[in-house]
Amino acid sequence: MRLLILLCLLLSPLAQSATRAIYEQDGDPGRLVFEIADNGDFRAGAPDGRQYRLVLAGESYQVAELGGRPVVARLADIEAALRANANDAGSGIMRALSAIPAFTPQRIVHKGPIEINGWSGEVYNIRGAEWEFDRYGSVRDPEGAPYYVVSRDPTLRQVGPALLAFTAGELAFGRHLLAENASRLLLDTLQQLAARGTLIESSENGLQLMQAEQAAIDPARLALPAPPLSREAVAALVRERRSPFRAIVAP
């Protein structure tokens with residue numbers, strides 16, 4: 001019995017440990033850091049970035065600076081304000097153009113195993129996603145269909161859901177410019193890939209997981225630095241073009 005109690009004491013810190021993961025990419029920012037608590041709450045953004053994402057108890061928040069002070073907004077409020085203040089003509093054109101590729105049949109195709117930075121993974125292509133459309137017609141990406149590498153390594157169990165929530169949250173800044181079928185297709189593709197494992201590499205922006213380790217996280221880094229602004233306050237900032245909230249990953 002004493003041995004069993006000792007074993008439980010030794011395992012408890014591991015069961016409650018947090019995870020720190022670092023992705024690198026060709027886009028801006030070049031590095032994304034995820035700090036993930038054992039309960040799934042996380043913070044994500046560029047190292048020491050002034051703008052970052054907090055997901056707490058399933059609610060997504062954006063933290064930025066305004067007048068030298070931190071300000072917080074719910075992603076749902078930001079999205080609502082952007083949609084309400086979008087230029088009808090310009091947004092309509094963008095939505096119409098985005099609807100075209102969404103009608104192109106797409107399917108996820110397994111290509112085989114690979115190892116990325118020590119993690120075993122499986123490569124998938126998305127057939128059909130190599131076609132881009134604009135008002136002048138269709139253009140095939142010379143690099144072919146985008147590929148994604150996902151891993152079922154148990155050490156990445158916290159990273160996958162955090163990356164999925166972060167990526168889906170980025171849509172809040174551009175969903176008002178997407179046709180409904182295009183938005184659904186993006187989310188569906190993300191969820192299908194996430195069901196296969198944790199993304200460790202992608203041809204999109206050259207994204208690659210570089211590091212994932214158990215690490216102590218200061219609870220203050222997973223706390224809101226200020227009360228969230230009301231939806232009316234967020235809408236006013238967007239309307240006055242003073243909103244400091246931006247997508248973390250530049251398009």
# chains A, B, ... in the order shown; residues from 1 in each chain; ligands from 1
>>> residues_around(residues="Ala223 in chain A", least_positions_apart="4", cutoff="9 Å", atoms="only C-alpha atoms", output="PyMOL selection string")
chain A and resi 54+56+219
>>> residues_around(residues="Glu59 in chain A", least_positions_apart="6", cutoff="10 Å", atoms="only C-alpha atoms", output="ChimeraX atom specification")
/A:41,74-76,165
>>> residues_around(residues="Ser120 in chain A", least_positions_apart="5", cutoff="7 Å", atoms="only C-alpha atoms", output="number ranges by chain")
A: 114-115, 151
>>> select_by_dssp(residues="range 76-246 of chain A", states="alpha helix (DSSP H)", output="ChimeraX atom specification")
/A:76-84,88-102,159-170,180-196,231-239
>>> residues_around(residues="range 25-27 of chain A", least_positions_apart="2", cutoff="6 Å", atoms="only C-alpha atoms", output="list in words")
Pro29, Gly30, Asn205, Gly206 and Leu207 of chain A
>>> residues_around(residues="Gln191 in chain A", least_positions_apart="3", cutoff="12 Å", atoms="only C-alpha atoms", output="VMD selection string")
chain A and resid 108 160 to 161 163 to 165 167 to 168 184 to 188 194 to 199
>>> write_last_selection(atoms="all heavy atoms", output="short mmCIF file (atom, residue, chain, number, x, y, z; two decimals), in the first residue's frame")
data_model
loop_
_atom_site.label_atom_id
_atom_site.label_comp_id
_atom_site.auth_asym_id
_atom_site.auth_seq_id
_atom_site.Cartn_x
_atom_site.Cartn_y
_atom_site.Cartn_z
N ILE A 108 -9.23 14.48 -48.43
CA ILE A 108 -7.96 14.29 -47.73
C ILE A 108 -7.40 12.93 -48.12
O ILE A 108 -8.08 11.90 -47.99
CB ILE A 108 -8.16 14.38 -46.21
CG1 ILE A 108 -8.66 15.79 -45.84
CG2 ILE A 108 -6.87 14.07 -45.48
CD1 ILE A 108 -8.96 15.97 -44.37
N GLY A 160 -2.56 19.58 -29.85
CA GLY A 160 -3.51 19.51 -30.95
C GLY A 160 -4.78 20.32 -30.74
O GLY A 160 -5.13 21.16 -31.57
N PRO A 161 -5.49 20.11 -29.62
CA PRO A 161 -6.71 20.90 -29.39
C PRO A 161 -6.44 22.40 -29.29
O PRO A 161 -7.26 23.21 -29.73
CB PRO A 161 -7.23 20.35 -28.06
CG PRO A 161 -6.68 18.96 -27.99
CD PRO A 161 -5.32 19.05 -28.62
N LEU A 163 -3.99 24.12 -30.83
CA LEU A 163 -3.74 24.63 -32.17
C LEU A 163 -5.02 24.73 -32.98
O LEU A 163 -5.23 25.71 -33.71
CB LEU A 163 -2.73 23.74 -32.90
CG LEU A 163 -2.36 24.17 -34.32
CD1 LEU A 163 -1.66 25.53 -34.31
CD2 LEU A 163 -1.49 23.12 -35.00
N LEU A 164 -5.90 23.75 -32.83
CA LEU A 164 -7.19 23.78 -33.54
C LEU A 164 -8.01 24.98 -33.10
O LEU A 164 -8.55 25.72 -33.93
CB LEU A 164 -7.97 22.49 -33.28
CG LEU A 164 -9.38 22.43 -33.85
CD1 LEU A 164 -9.38 22.55 -35.36
CD2 LEU A 164 -10.08 21.15 -33.41
N ALA A 165 -8.10 25.21 -31.78
CA ALA A 165 -8.88 26.34 -31.27
C ALA A 165 -8.26 27.67 -31.70
O ALA A 165 -8.98 28.62 -32.04
CB ALA A 165 -8.96 26.27 -29.74
N THR A 167 -6.37 28.27 -34.44
CA THR A 167 -6.54 28.47 -35.88
C THR A 167 -7.98 28.82 -36.21
O THR A 167 -8.25 29.72 -37.02
CB THR A 167 -6.12 27.20 -36.64
OG1 THR A 167 -4.78 26.84 -36.26
CG2 THR A 167 -6.14 27.43 -38.14
N ALA A 168 -8.92 28.13 -35.59
CA ALA A 168 -10.33 28.45 -35.80
C ALA A 168 -10.63 29.87 -35.33
O ALA A 168 -11.42 30.60 -35.95
CB ALA A 168 -11.21 27.45 -35.08
N ARG A 184 -17.36 27.08 -43.80
CA ARG A 184 -17.66 25.71 -43.36
C ARG A 184 -16.59 24.74 -43.83
O ARG A 184 -16.18 23.84 -43.09
CB ARG A 184 -19.03 25.27 -43.88
CG ARG A 184 -20.21 25.75 -43.07
CD ARG A 184 -21.43 24.87 -43.35
NE ARG A 184 -21.65 24.68 -44.77
CZ ARG A 184 -22.42 25.46 -45.51
NH1 ARG A 184 -23.03 26.50 -44.97
NH2 ARG A 184 -22.58 25.23 -46.80
N LEU A 185 -16.13 24.92 -45.07
CA LEU A 185 -15.12 24.02 -45.63
C LEU A 185 -13.82 24.13 -44.84
O LEU A 185 -13.17 23.11 -44.53
CB LEU A 185 -14.88 24.36 -47.10
CG LEU A 185 -13.82 23.51 -47.82
CD1 LEU A 185 -14.24 22.05 -47.85
CD2 LEU A 185 -13.59 24.03 -49.24
N LEU A 186 -13.41 25.36 -44.51
CA LEU A 186 -12.18 25.54 -43.74
C LEU A 186 -12.27 24.86 -42.38
O LEU A 186 -11.35 24.13 -41.98
CB LEU A 186 -11.91 27.04 -43.56
CG LEU A 186 -11.34 27.79 -44.76
CD1 LEU A 186 -11.33 29.29 -44.49
CD2 LEU A 186 -9.93 27.30 -45.08
N LEU A 187 -13.36 25.09 -41.67
CA LEU A 187 -13.51 24.50 -40.35
C LEU A 187 -13.61 22.98 -40.43
O LEU A 187 -13.04 22.26 -39.60
CB LEU A 187 -14.75 25.07 -39.66
CG LEU A 187 -14.62 26.51 -39.17
CD1 LEU A 187 -15.97 27.02 -38.66
CD2 LEU A 187 -13.57 26.61 -38.07
N ASP A 188 -14.31 22.48 -41.43
CA ASP A 188 -14.45 21.04 -41.59
C ASP A 188 -13.10 20.39 -41.86
O ASP A 188 -12.77 19.33 -41.31
CB ASP A 188 -15.43 20.74 -42.73
CG ASP A 188 -15.66 19.25 -42.89
OD1 ASP A 188 -16.13 18.60 -41.94
OD2 ASP A 188 -15.36 18.71 -43.98
N ALA A 194 -7.52 17.41 -37.45
CA ALA A 194 -7.32 17.28 -36.00
C ALA A 194 -7.75 15.89 -35.51
O ALA A 194 -7.17 15.36 -34.56
CB ALA A 194 -8.10 18.37 -35.27
N ALA A 195 -8.75 15.30 -36.15
CA ALA A 195 -9.20 13.97 -35.76
C ALA A 195 -8.13 12.92 -36.06
O ALA A 195 -8.14 11.83 -35.48
CB ALA A 195 -10.49 13.61 -36.49
N ARG A 196 -7.20 13.25 -36.95
CA ARG A 196 -6.14 12.31 -37.31
C ARG A 196 -4.88 12.48 -36.46
O ARG A 196 -3.96 11.68 -36.55
CB ARG A 196 -5.78 12.48 -38.80
CG ARG A 196 -6.87 11.98 -39.74
CD ARG A 196 -6.62 12.45 -41.16
NE ARG A 196 -7.45 11.75 -42.15
CZ ARG A 196 -8.71 12.01 -42.40
NH1 ARG A 196 -9.32 13.00 -41.74
NH2 ARG A 196 -9.39 11.32 -43.30
N GLY A 197 -4.83 13.56 -35.66
CA GLY A 197 -3.67 13.78 -34.80
C GLY A 197 -3.33 15.25 -34.68
O GLY A 197 -4.08 16.13 -35.12
N THR A 198 -2.18 15.53 -34.09
CA THR A 198 -1.71 16.90 -33.88
C THR A 198 -0.87 17.35 -35.07
O THR A 198 0.04 16.63 -35.51
CB THR A 198 -0.85 16.98 -32.60
OG1 THR A 198 -1.66 16.65 -31.48
CG2 THR A 198 -0.28 18.37 -32.41
N LEU A 199 -1.18 18.51 -35.61
CA LEU A 199 -0.43 19.03 -36.75
C LEU A 199 1.00 19.35 -36.33
O LEU A 199 1.23 20.12 -35.40
CB LEU A 199 -1.10 20.30 -37.28
CG LEU A 199 -0.50 20.89 -38.56
CD1 LEU A 199 -0.77 19.98 -39.75
CD2 LEU A 199 -1.06 22.28 -38.82
#
>>> closest_residue(among="A:Ala37, A:Ala84, A:Ala73, A:Ala247", to="Ala216 in chain A", atoms="only C-alpha atoms")
A:Ala37
>>> residues_around(residues="Val55 in chain A", least_positions_apart="4", cutoff="9 Å", atoms="only C-alpha atoms", output="list in words")
Gly40, Asp41, Phe42, Arg43, Ala44, Glu59, Ser60, Tyr61, Gln62, Ala162, Ala165, Phe166 and Leu222 of chain A
>>> atom_distance(atom1="CA of Leu193 in chain A", atom2="CA of Arg53 in chain A")
21.9 Å
>>> closest_residue(among="A:Ala18, A:Leu32, A:Ile248, A:Val123", to="Val150 in chain A", atoms="only C-alpha atoms")
A:Val123
>>> residues_around(residues="Glu201 in chain A", least_positions_apart="6", cutoff="7 Å", atoms="only C-alpha atoms", output="PDB file with N, CA and C atoms, in the first residue's frame")
ATOM      1  N   TYR A 148      -0.163  18.246 -45.158  1.00  0.00           N
ATOM      2  CA  TYR A 148      -0.174  18.398 -43.711  1.00  0.00           C
ATOM      3  C   TYR A 148       0.374  17.120 -43.089  1.00  0.00           C
ATOM      4  N   VAL A 149       1.150  17.288 -42.031  1.00  0.00           N
ATOM      5  CA  VAL A 149       1.676  16.136 -41.299  1.00  0.00           C
ATOM      6  C   VAL A 149       1.091  16.162 -39.897  1.00  0.00           C
ATOM      7  N   LEU A 207       4.658  25.952 -41.817  1.00  0.00           N
ATOM      8  CA  LEU A 207       4.484  25.737 -40.380  1.00  0.00           C
ATOM      9  C   LEU A 207       5.118  24.425 -39.953  1.00  0.00           C
ATOM     10  N   GLN A 208       5.845  24.460 -38.812  1.00  0.00           N
ATOM     11  CA  GLN A 208       6.481  23.242 -38.297  1.00  0.00           C
ATOM     12  C   GLN A 208       6.612  23.326 -36.785  1.00  0.00           C
ATOM     13  N   LEU A 209       6.276  22.222 -36.122  1.00  0.00           N
ATOM     14  CA  LEU A 209       6.453  22.139 -34.669  1.00  0.00           C
ATOM     15  C   LEU A 209       7.919  21.893 -34.364  1.00  0.00           C
TER      16      LEU A 209
END
